[in-house]
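Visitor: This one is entry_33.txt, compact mmCIF, C-alpha atoms and all ligand atoms.
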# COMPACT_ATOMS: atom_id res chain seq x y z
CA MET A 1 2.50 -8.73 26.75
CA ASN A 2 2.80 -7.30 23.26
CA LYS A 3 -0.39 -6.58 21.36
CA LYS A 4 -0.99 -9.17 18.66
CA ILE A 5 -2.04 -7.92 15.24
CA LEU A 6 -2.80 -10.09 12.21
CA VAL A 7 -1.13 -8.65 9.11
CA THR A 8 -2.41 -10.19 5.89
CA GLY A 9 -0.06 -9.73 2.96
CA GLY A 10 2.60 -9.03 5.57
CA LEU A 11 5.46 -10.09 3.30
CA GLY A 12 4.37 -7.77 0.48
CA TYR A 13 5.74 -4.31 -0.27
CA ILE A 14 3.64 -2.17 2.09
CA GLY A 15 2.92 -5.08 4.44
CA SER A 16 6.56 -5.86 5.20
CA HIS A 17 7.40 -2.23 5.97
CA THR A 18 4.35 -2.07 8.24
CA VAL A 19 5.42 -5.24 10.07
CA VAL A 20 8.77 -3.57 10.82
CA GLU A 21 7.13 -0.40 12.15
CA LEU A 22 4.69 -2.47 14.23
CA ILE A 23 7.51 -4.45 15.86
CA GLU A 24 9.44 -1.26 16.52
CA SER A 25 6.34 0.22 18.18
CA GLY A 26 5.94 -2.78 20.53
CA TYR A 27 3.35 -4.81 18.62
CA ASP A 28 3.51 -8.52 17.92
CA PRO A 29 2.52 -9.03 14.28
CA VAL A 30 1.32 -12.41 12.98
CA ILE A 31 1.82 -12.61 9.22
CA VAL A 32 -0.26 -14.48 6.67
CA ASP A 33 0.83 -14.31 3.04
CA ASN A 34 0.34 -16.76 0.16
CA LEU A 35 3.61 -15.58 -1.49
CA SER A 36 1.75 -14.88 -4.75
CA ASN A 37 3.69 -11.65 -5.27
CA THR A 38 6.65 -11.81 -2.91
CA ARG A 39 9.31 -14.15 -1.52
CA PRO A 40 9.79 -15.85 1.84
CA GLU A 41 13.23 -14.19 2.23
CA VAL A 42 11.40 -10.96 3.13
CA LEU A 43 11.05 -12.52 6.57
CA ASP A 44 14.87 -12.53 6.85
CA GLY A 45 14.93 -8.82 6.01
CA ILE A 46 12.35 -8.10 8.71
CA GLU A 47 14.41 -10.09 11.20
CA LYS A 48 17.64 -8.28 10.25
CA ILE A 49 16.05 -4.88 10.86
CA THR A 50 14.09 -5.65 14.03
CA GLY A 51 15.90 -8.63 15.58
CA LYS A 52 12.56 -10.44 15.67
CA ARG A 53 11.12 -13.10 13.39
CA PRO A 54 7.33 -12.88 13.39
CA VAL A 55 5.09 -15.94 13.13
CA PHE A 56 4.34 -16.54 9.45
CA TYR A 57 1.61 -18.61 7.77
CA ASP A 58 1.98 -19.46 4.08
CA PHE A 59 -1.80 -19.63 3.71
CA ASP A 60 -4.34 -18.42 1.18
CA LEU A 61 -7.21 -16.43 2.67
CA LEU A 62 -9.59 -18.00 0.16
CA ASN A 63 -9.30 -21.18 2.20
CA LYS A 64 -11.81 -20.75 5.05
CA ASN A 65 -10.31 -23.58 7.10
CA HIS A 66 -6.93 -21.90 6.99
CA VAL A 67 -8.42 -18.58 8.05
CA LYS A 68 -10.14 -20.34 10.95
CA GLN A 69 -6.91 -22.08 11.95
CA ILE A 70 -5.03 -18.77 12.25
CA PHE A 71 -7.71 -17.31 14.52
CA ASP A 72 -7.87 -20.54 16.57
CA GLU A 73 -4.13 -20.46 17.12
CA HIS A 74 -4.14 -16.75 18.09
CA PRO A 75 -7.14 -16.17 20.34
CA THR A 76 -5.74 -12.86 21.64
CA LEU A 77 -5.60 -10.99 18.33
CA GLU A 78 -6.44 -7.33 18.88
CA GLY A 79 -6.91 -6.31 15.31
CA ILE A 80 -6.28 -6.93 11.63
CA ILE A 81 -4.41 -4.97 9.02
CA HIS A 82 -5.53 -6.33 5.68
CA PHE A 83 -3.08 -5.81 2.82
CA ALA A 84 -3.42 -9.14 1.01
CA ALA A 85 -4.82 -8.41 -2.46
CA HIS A 86 -3.94 -8.40 -6.12
CA LYS A 87 -2.91 -4.88 -7.12
CA TYR A 88 -2.23 -4.46 -10.82
CA VAL A 89 -4.64 -2.24 -12.72
CA GLY A 90 -3.82 -3.69 -16.17
CA GLU A 91 -3.93 -7.31 -15.02
CA SER A 92 -7.32 -6.68 -13.39
CA VAL A 93 -8.74 -5.62 -16.76
CA GLU A 94 -7.48 -8.90 -18.29
CA LYS A 95 -8.58 -11.12 -15.38
CA PRO A 96 -11.54 -9.48 -13.64
CA LEU A 97 -12.86 -12.65 -12.00
CA MET A 98 -9.49 -13.42 -10.49
CA TYR A 99 -9.46 -9.93 -8.95
CA TYR A 100 -13.06 -10.01 -7.67
CA GLU A 101 -12.70 -13.49 -6.23
CA ASN A 102 -9.34 -12.96 -4.57
CA ASN A 103 -9.77 -9.42 -3.25
CA LEU A 104 -13.38 -9.73 -2.10
CA MET A 105 -13.62 -13.33 -0.88
CA SER A 106 -10.50 -13.01 1.25
CA LEU A 107 -12.01 -9.93 2.91
CA ILE A 108 -15.32 -11.70 3.51
CA ASN A 109 -13.63 -14.79 4.96
CA LEU A 110 -11.64 -12.65 7.38
CA LEU A 111 -14.68 -10.65 8.47
CA ASN A 112 -16.79 -13.75 9.09
CA GLU A 113 -14.12 -15.23 11.30
CA MET A 114 -13.53 -11.95 13.16
CA LEU A 115 -17.18 -11.36 13.94
CA ASN A 116 -17.50 -14.91 15.29
CA ARG A 117 -14.85 -14.03 17.84
CA ASP A 118 -15.57 -10.43 18.70
CA ILE A 119 -12.38 -8.99 17.24
CA ARG A 120 -13.25 -5.42 16.31
CA ARG A 121 -10.36 -3.47 14.86
CA PHE A 122 -9.86 -3.58 11.12
CA ILE A 123 -7.57 -1.47 8.93
CA PHE A 124 -8.17 -1.72 5.19
CA SER A 125 -5.79 -0.89 2.33
CA SER A 126 -7.83 1.32 0.08
CA SER A 127 -6.57 3.52 -2.73
CA CYS A 128 -6.84 7.01 -4.16
CA THR A 129 -8.10 5.22 -7.25
CA VAL A 130 -11.59 5.41 -5.62
CA TYR A 131 -11.64 9.14 -6.51
CA GLY A 132 -11.34 8.31 -10.24
CA LEU A 133 -10.93 11.51 -12.26
CA PRO A 134 -11.50 14.06 -9.48
CA ASP A 135 -13.35 17.35 -10.06
CA GLU A 136 -11.36 19.14 -7.37
CA LEU A 137 -7.73 19.07 -6.22
CA PRO A 138 -6.41 18.21 -3.76
CA VAL A 139 -8.90 15.48 -2.92
CA THR A 140 -10.33 15.33 0.60
CA GLU A 141 -12.12 12.35 2.12
CA GLN A 142 -15.37 14.11 1.18
CA THR A 143 -14.46 14.28 -2.50
CA PRO A 144 -17.04 12.05 -4.20
CA VAL A 145 -16.06 8.50 -5.05
CA LYS A 146 -16.34 8.04 -8.82
CA PRO A 147 -17.16 4.92 -10.85
CA ALA A 148 -14.09 2.69 -10.75
CA MET A 149 -11.78 2.81 -13.76
CA SER A 150 -10.70 -0.84 -13.44
CA PRO A 151 -11.78 -4.08 -11.74
CA TYR A 152 -8.87 -3.53 -9.33
CA GLY A 153 -10.25 -0.11 -8.38
CA ASN A 154 -13.71 -1.60 -8.10
CA THR A 155 -12.50 -4.22 -5.60
CA LYS A 156 -11.24 -1.34 -3.42
CA GLN A 157 -14.59 0.48 -3.67
CA ILE A 158 -16.60 -2.68 -2.98
CA GLY A 159 -14.22 -3.56 -0.14
CA GLU A 160 -14.96 -0.19 1.46
CA GLU A 161 -18.71 -0.85 1.02
CA ILE A 162 -18.51 -4.38 2.48
CA LEU A 163 -16.77 -2.99 5.56
CA THR A 164 -19.19 -0.05 5.91
CA ASP A 165 -22.25 -2.30 5.64
CA THR A 166 -20.80 -4.84 8.07
CA ALA A 167 -19.95 -2.12 10.61
CA LYS A 168 -23.63 -1.06 10.60
CA VAL A 169 -24.72 -4.43 12.00
CA SER A 170 -21.74 -5.22 14.25
CA ASP A 171 -19.22 -3.69 16.65
CA LEU A 172 -16.59 -3.55 13.94
CA GLU A 173 -14.32 -0.50 14.05
CA VAL A 174 -12.86 0.20 10.66
CA ILE A 175 -10.24 2.53 9.28
CA LEU A 176 -10.11 2.88 5.52
CA LEU A 177 -6.69 4.17 4.49
CA ARG A 178 -6.73 5.58 0.97
CA TYR A 179 -3.13 5.32 -0.15
CA PHE A 180 -1.67 7.62 -2.76
CA ASN A 181 1.50 6.41 -4.56
CA PRO A 182 3.84 4.50 -2.23
CA ILE A 183 7.50 4.54 -3.28
CA GLY A 184 10.92 3.96 -1.74
CA ALA A 185 12.22 1.23 0.54
CA HIS A 186 13.41 0.77 4.09
CA PRO A 187 16.55 2.94 4.56
CA SER A 188 18.46 -0.17 5.71
CA ALA A 189 17.89 -1.69 2.22
CA GLU A 190 16.92 -4.96 3.92
CA ILE A 191 13.37 -4.80 2.51
CA GLY A 192 11.83 -3.02 -0.47
CA GLU A 193 9.60 -3.60 -3.46
CA LEU A 194 10.02 -6.90 -5.34
CA PRO A 195 7.99 -6.52 -8.53
CA VAL A 196 7.31 -9.75 -10.36
CA GLY A 197 7.97 -9.41 -14.12
CA VAL A 198 8.32 -6.03 -15.81
CA PRO A 199 7.18 -3.33 -13.36
CA GLN A 200 4.19 -1.24 -14.38
CA ASN A 201 4.75 1.43 -11.75
CA LEU A 202 7.01 4.42 -12.26
CA VAL A 203 9.66 4.17 -9.54
CA PRO A 204 10.52 0.45 -9.82
CA PHE A 205 10.77 0.96 -13.59
CA ILE A 206 13.13 3.91 -13.03
CA THR A 207 15.41 2.02 -10.62
CA GLN A 208 15.48 -1.06 -12.88
CA THR A 209 16.33 1.12 -15.88
CA ALA A 210 19.11 2.79 -13.89
CA ALA A 211 20.36 -0.70 -13.01
CA GLY A 212 20.49 -1.53 -16.72
CA LEU A 213 17.54 -3.92 -16.90
CA HIS A 214 15.65 -1.79 -19.45
CA PRO A 215 17.12 0.41 -22.20
CA GLU A 216 14.98 3.45 -21.30
CA LEU A 217 12.06 4.75 -19.27
CA ARG A 218 9.03 5.69 -21.31
CA ILE A 219 7.27 8.77 -19.95
CA PHE A 220 3.59 8.41 -20.70
CA GLY A 221 2.51 11.81 -22.03
CA ASP A 222 3.87 15.36 -21.81
CA ASP A 223 0.73 17.08 -23.04
CA TYR A 224 -1.29 17.10 -19.82
CA ASP A 225 -2.61 20.37 -18.44
CA THR A 226 0.12 20.50 -15.77
CA PRO A 227 3.11 22.90 -15.39
CA ASP A 228 5.55 20.64 -17.28
CA GLY A 229 2.95 18.61 -19.20
CA THR A 230 3.62 15.31 -17.39
CA ALA A 231 1.11 13.71 -15.00
CA ILE A 232 1.07 14.55 -11.29
CA ARG A 233 0.79 12.13 -8.35
CA ASP A 234 1.28 12.26 -4.59
CA TYR A 235 4.30 10.01 -3.94
CA ILE A 236 4.61 8.86 -0.33
CA HIS A 237 7.59 7.11 1.25
CA VAL A 238 6.56 3.55 2.11
CA VAL A 239 7.93 3.93 5.68
CA ASP A 240 5.67 6.95 6.25
CA LEU A 241 2.76 4.94 4.87
CA ALA A 242 3.67 2.02 7.16
CA ASN A 243 3.65 4.41 10.12
CA ALA A 244 0.15 5.57 9.23
CA HIS A 245 -1.02 2.01 10.03
CA VAL A 246 0.59 2.10 13.47
CA ARG A 247 -1.03 5.48 14.13
CA ALA A 248 -4.38 4.12 12.93
CA LEU A 249 -4.16 1.22 15.41
CA GLU A 250 -3.23 3.58 18.25
CA PHE A 251 -6.12 5.82 17.26
CA LEU A 252 -8.56 2.91 17.57
CA GLU A 253 -7.02 1.90 20.92
CA THR A 254 -7.58 5.36 22.40
CA GLU A 255 -11.22 5.05 21.30
CA LYS A 256 -11.17 8.58 20.01
CA ASN A 257 -12.73 7.49 16.73
CA LYS A 258 -16.12 9.16 16.46
CA ASN A 259 -17.42 6.92 13.71
CA GLN A 260 -17.34 3.16 13.30
CA VAL A 261 -15.84 3.72 9.88
CA GLU A 262 -13.15 6.38 9.60
CA ILE A 263 -11.56 7.34 6.29
CA PHE A 264 -8.14 8.91 5.87
CA ASN A 265 -6.14 9.95 2.85
CA VAL A 266 -2.56 8.82 3.22
CA GLY A 267 -0.31 10.95 1.06
CA THR A 268 2.10 13.82 1.52
CA GLY A 269 -0.28 16.55 0.44
CA LYS A 270 2.10 17.49 -2.35
CA GLY A 271 1.90 16.60 -6.04
CA ASN A 272 4.95 15.88 -8.18
CA SER A 273 5.12 15.37 -11.92
CA VAL A 274 6.72 12.37 -13.63
CA MET A 275 9.44 14.72 -14.90
CA GLU A 276 10.15 15.95 -11.36
CA ILE A 277 10.53 12.36 -10.18
CA VAL A 278 12.92 11.60 -13.03
CA ASN A 279 15.01 14.74 -12.41
CA THR A 280 15.08 14.25 -8.64
CA PHE A 281 16.17 10.63 -9.12
CA MET A 282 19.11 11.76 -11.30
CA GLU A 283 20.04 14.52 -8.83
CA VAL A 284 20.07 12.39 -5.69
CA THR A 285 21.71 9.30 -7.21
CA GLY A 286 24.01 10.90 -9.78
CA VAL A 287 22.87 8.24 -12.26
CA LYS A 288 21.88 9.32 -15.76
CA LEU A 289 18.51 7.90 -16.64
CA PRO A 290 17.73 7.37 -20.32
CA TYR A 291 14.11 8.32 -21.05
CA ARG A 292 11.78 9.07 -23.95
CA ILE A 293 8.41 10.78 -24.07
CA VAL A 294 5.71 8.58 -25.57
CA GLY A 295 1.91 8.81 -25.76
CA ARG A 296 -0.40 8.81 -22.75
CA ARG A 297 -1.18 5.52 -21.00
CA ALA A 298 -4.84 4.51 -21.17
CA GLY A 299 -6.69 5.06 -17.92
CA ASP A 300 -4.21 7.52 -16.35
CA VAL A 301 -5.64 10.58 -14.63
CA PRO A 302 -3.77 13.84 -15.38
CA ALA A 303 -3.28 14.83 -11.73
CA ILE A 304 -4.20 13.74 -8.24
CA TRP A 305 -2.84 14.57 -4.82
CA ALA A 306 -4.16 14.39 -1.30
CA ASP A 307 -5.45 16.85 1.21
CA THR A 308 -4.04 15.21 4.34
CA THR A 309 -5.54 17.60 6.90
CA ARG A 310 -7.85 14.95 8.31
CA ALA A 311 -5.09 12.37 8.98
CA GLU A 312 -3.05 15.09 10.64
CA THR A 313 -5.70 16.67 12.84
CA VAL A 314 -7.81 13.62 13.72
CA MET A 315 -5.29 10.78 13.78
CA GLY A 316 -2.11 12.79 14.43
CA TRP A 317 -0.20 11.39 11.47
CA LYS A 318 1.87 13.27 8.90
CA ALA A 319 4.42 12.17 6.29
CA LYS A 320 7.98 13.07 7.33
CA ARG A 321 10.00 12.07 4.29
CA ASN A 322 10.19 13.66 0.84
CA ILE A 323 10.62 12.31 -2.69
CA ALA A 324 14.40 12.76 -2.55
CA ASP A 325 14.55 10.49 0.53
CA ALA A 326 12.27 7.95 -1.12
CA LEU A 327 14.18 7.88 -4.42
CA ARG A 328 17.52 7.55 -2.63
CA ASP A 329 16.14 4.63 -0.60
CA ALA A 330 14.57 3.00 -3.66
CA TRP A 331 17.93 3.16 -5.46
CA ARG A 332 19.85 1.79 -2.45
CA TRP A 333 17.47 -1.19 -2.42
CA GLU A 334 17.72 -1.77 -6.20
CA LYS A 335 21.52 -1.67 -6.02
CA LYS A 336 21.50 -4.16 -3.19
CA ILE A 337 19.30 -6.73 -4.96
CA ARG A 338 21.25 -6.33 -8.24
CA HIS A 339 24.63 -6.44 -6.46
CA ILE A 340 25.65 -3.02 -7.80
CA GLN A 341 28.38 -1.17 -5.83
C1 LIG B 1 -1.94 3.05 -10.08
C2 LIG B 1 -3.29 3.15 -9.43
C3 LIG B 1 -3.21 2.88 -7.96
C4 LIG B 1 -2.56 1.54 -7.72
C5 LIG B 1 -1.19 1.57 -8.32
C6 LIG B 1 -0.50 0.22 -8.08
C7 LIG B 1 -4.81 4.69 -10.48
C8 LIG B 1 -5.27 6.10 -10.57
N1 LIG B 1 -3.81 4.47 -9.62
O1 LIG B 1 -1.20 4.19 -9.70
O2 LIG B 1 -4.49 2.85 -7.39
O3 LIG B 1 -2.50 1.27 -6.35
O4 LIG B 1 -1.30 1.84 -9.72
O5 LIG B 1 -0.38 -0.56 -9.18
O6 LIG B 1 -5.29 3.81 -11.14
N2 LIG B 1 4.54 6.31 -15.68
C9 LIG B 1 5.39 6.54 -16.73
N3 LIG B 1 6.19 5.52 -17.19
C10 LIG B 1 6.15 4.26 -16.64
C11 LIG B 1 5.28 4.03 -15.54
C12 LIG B 1 4.48 5.06 -15.08
O7 LIG B 1 5.45 7.65 -17.27
O8 LIG B 1 6.89 3.38 -17.10
C13 LIG B 1 3.70 7.40 -15.16
C14 LIG B 1 2.23 7.10 -15.22
O9 LIG B 1 1.68 7.45 -16.46
C15 LIG B 1 1.70 7.96 -14.06
C16 LIG B 1 2.85 7.96 -13.06
O10 LIG B 1 4.00 7.57 -13.80
O11 LIG B 1 1.47 9.28 -14.50
C17 LIG B 1 2.65 6.99 -11.92
O12 LIG B 1 2.30 5.72 -12.45
P1 LIG B 1 2.25 4.40 -11.55
O13 LIG B 1 3.46 4.30 -10.72
O14 LIG B 1 1.90 3.25 -12.45
O15 LIG B 1 1.04 4.65 -10.52
P2 LIG B 1 -0.47 5.08 -10.80
O16 LIG B 1 -0.91 4.73 -12.14
O17 LIG B 1 -0.61 6.50 -10.36
When written as structure tokens, how does the structure in this file appear?
Ligand code: UD1

Guide:
Amino acid sequence: MNKKILVTGGLGYIGSHTVVELIESGYDPVIVDNLSNTRPEVLDGIEKITGKRPVFYDFDLLNKNHVKQIFDEHPTLEGIIHFAAHKYVGESVEKPLMYYENNLMSLINLLNEMLNRDIRRFIFSSSCTVYGLPDELPVTEQTPVKPAMSPYGNTKQIGEEILTDTAKVSDLEVILLRYFNPIGAHPSAEIGELPVGVPQNLVPFITQTAAGLHPELRIFGDDYDTPDGTAIRDYIHVVDLANAHVRALEFLETEKNKNQVEIFNVGTGKGNSVMEIVNTFMEVTGVKLPYRIVGRRAGDVPAIWADTTRAETVMGWKAKRNIADALRDAWRWEKKIRHIQ
């Protein structure tokens, strides 16, 4: 029998790609998603790629009865991958209570129900944002966590603390995956990112601009202390990131985890500047992208990228795809949803 895994936020951007990789690795994902930032058609995309249509609950994890119902109906769950959360830095500054309530209460409701039933394995979507403005580059898992720069970032830090404290008094086995910048889409173009409203993140804004939805890309700052003056991030293909979750589950199954809470950076280990992303996009797609340099965006760090040694040596995971692959896949997806030839 396939191993059942609950995937919260399983119709979202990273969640849907992880569901595909889980199915292709022989798992049986059960999805819960309140559709607050995605569409039910994502399920069709998952089915087209894998030939399987996972069980899906359109439930909100803030509703304790609904959380209980899912666990009641799936008594053989072997673990949880928890993606469901609000994720926009700017919006979190405007609506802090919405972020704290949604991101923290959903986590607490899940944990309460898990501990009642002796389900132990938990994989949490954390973020490189916990490193704030780092003193050293690349950042390792030992790089100190800095005060959060937004309520969103704070929910990731507090989420890590809630899990760490709970593990101390239970049999919980936790993996905290600190994601760097996920980009790209499934190479089949059946699933990808579906930003609601005007995208705040770089790559969806680039692909939408190339598709003619915006007159130009604004590059936020070219006066950083970096080789070309634009900010540096570690951009990871979403399929590689999805695979890190499968590896994390396998790692817990082999019981090789030495600590009840294991932390891994999930990036490529390579930093790229905004300008490099823009130029690579134009190279691989042949599309000319109109852009303009404007002032820095408040809250942006000049540069951050991951040291991924720990994920590689301890968990046996490494990113396989590069930014050219990711940008090509992101553009294929954008063209598909905009019906561009
Ligand atoms: C941020 C958060 C990250 C969060 C992610 C999702 C931090 C440090 N990181 O990533 O935790 O998960 O958002 O929302 O808070 N840029 C432009 N023009 C644009 C858009 C972006 O030049 O139109 C630049 C940004 O200034 C930045 C880079 O592109 O240098 C990447 O930006 P973005 O994609 O928004 O991701 P982060 O801010 O790194």

Visitor: Using all atoms listed in the file, which residues of the polymer chains come no farther than 9 Å from ligand LIG 1 (chain B)? I'd like the answer as a PyMOL selection string.

Guide: chain A and resi 87-90+126-133+148-150+152-153+156+179-183+199-206+217-221+230-235+273-275+277+293-294+296-304

Visitor: Residues near Arg117 (chain A), anyone? I mean within 10 Å using all atoms listed in the file, not counting same-chain ones fewer than 5 positions away, as a VMD selection string.

Guide: chain A and resid 71 to 72 75 to 77 111 to 112

Visitor: Counting all atoms listed in the file, what are the residues of region 269-292 of chain A within 9 Å of region 318-330 of chain A, and for each of them which pair of atoms is the nearest and at what distance in Å, to one decimal? Sort the table by chain and rising number, as CSV.

Guide:
residue,atom,partner,partner_atom,distance
A:Gly269,CA,A:Ala319,CA,8.7
A:Asn272,CA,A:Ile323,CA,8.7
A:Ile277,CA,A:Ile323,CA,7.5
A:Thr280,CA,A:Ala324,CA,6.3
A:Phe281,CA,A:Leu327,CA,5.8
A:Glu283,CA,A:Ala324,CA,8.6
A:Val284,CA,A:Arg328,CA,6.3
A:Thr285,CA,A:Arg328,CA,6.4

Visitor: Which residue gives the smallest distance to Ser36 (chain A) among A:His86, A:Lys52, A:His186, A:Lys146, with only C-alpha atoms counted?

Guide: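 Among A:His86, A:Lys52, A:His186, A:Lys146, it is A:His86 that comes nearest to Ser36 (chain A).
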
Visitor: May I ask which of the residues A:Phe124, A:Phe83, A:Phe59, A:Trp317 is the closest one to Leu35 (chain A), counting all atoms listed in the file?

Guide: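 Ranking A:Phe124, A:Phe83, A:Phe59, A:Trp317 by distance to Leu35 (chain A), first place goes to A:Phe59.
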
Visitor: List the neighbours of Ala211 (chain A) out to 10 Å using all atoms listed in the file; skip same-chain residues closer than 6 positions along the sequence, and give me the result as a PyMOL selection string.

Guide: chain A and resi 205+287+289+331+334-335+338-340

Visitor: Could you state the separation of CA of Ile5 (chain A) and CA of Leu22 (chain A) in Å, given to one decimal place?

Guide: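 Taking CA of Ile5 (chain A) and CA of Leu22 (chain A), their separation equals 8.7 Å.
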
Visitor: For Lys64 (chain A), please output as number ranges by chain all residues within 9 Å (counting all atoms listed in the file; exclusion window: fewer than 4 positions along the same chain).

Guide: A: 60, 68-69, 106, 109-110, 113
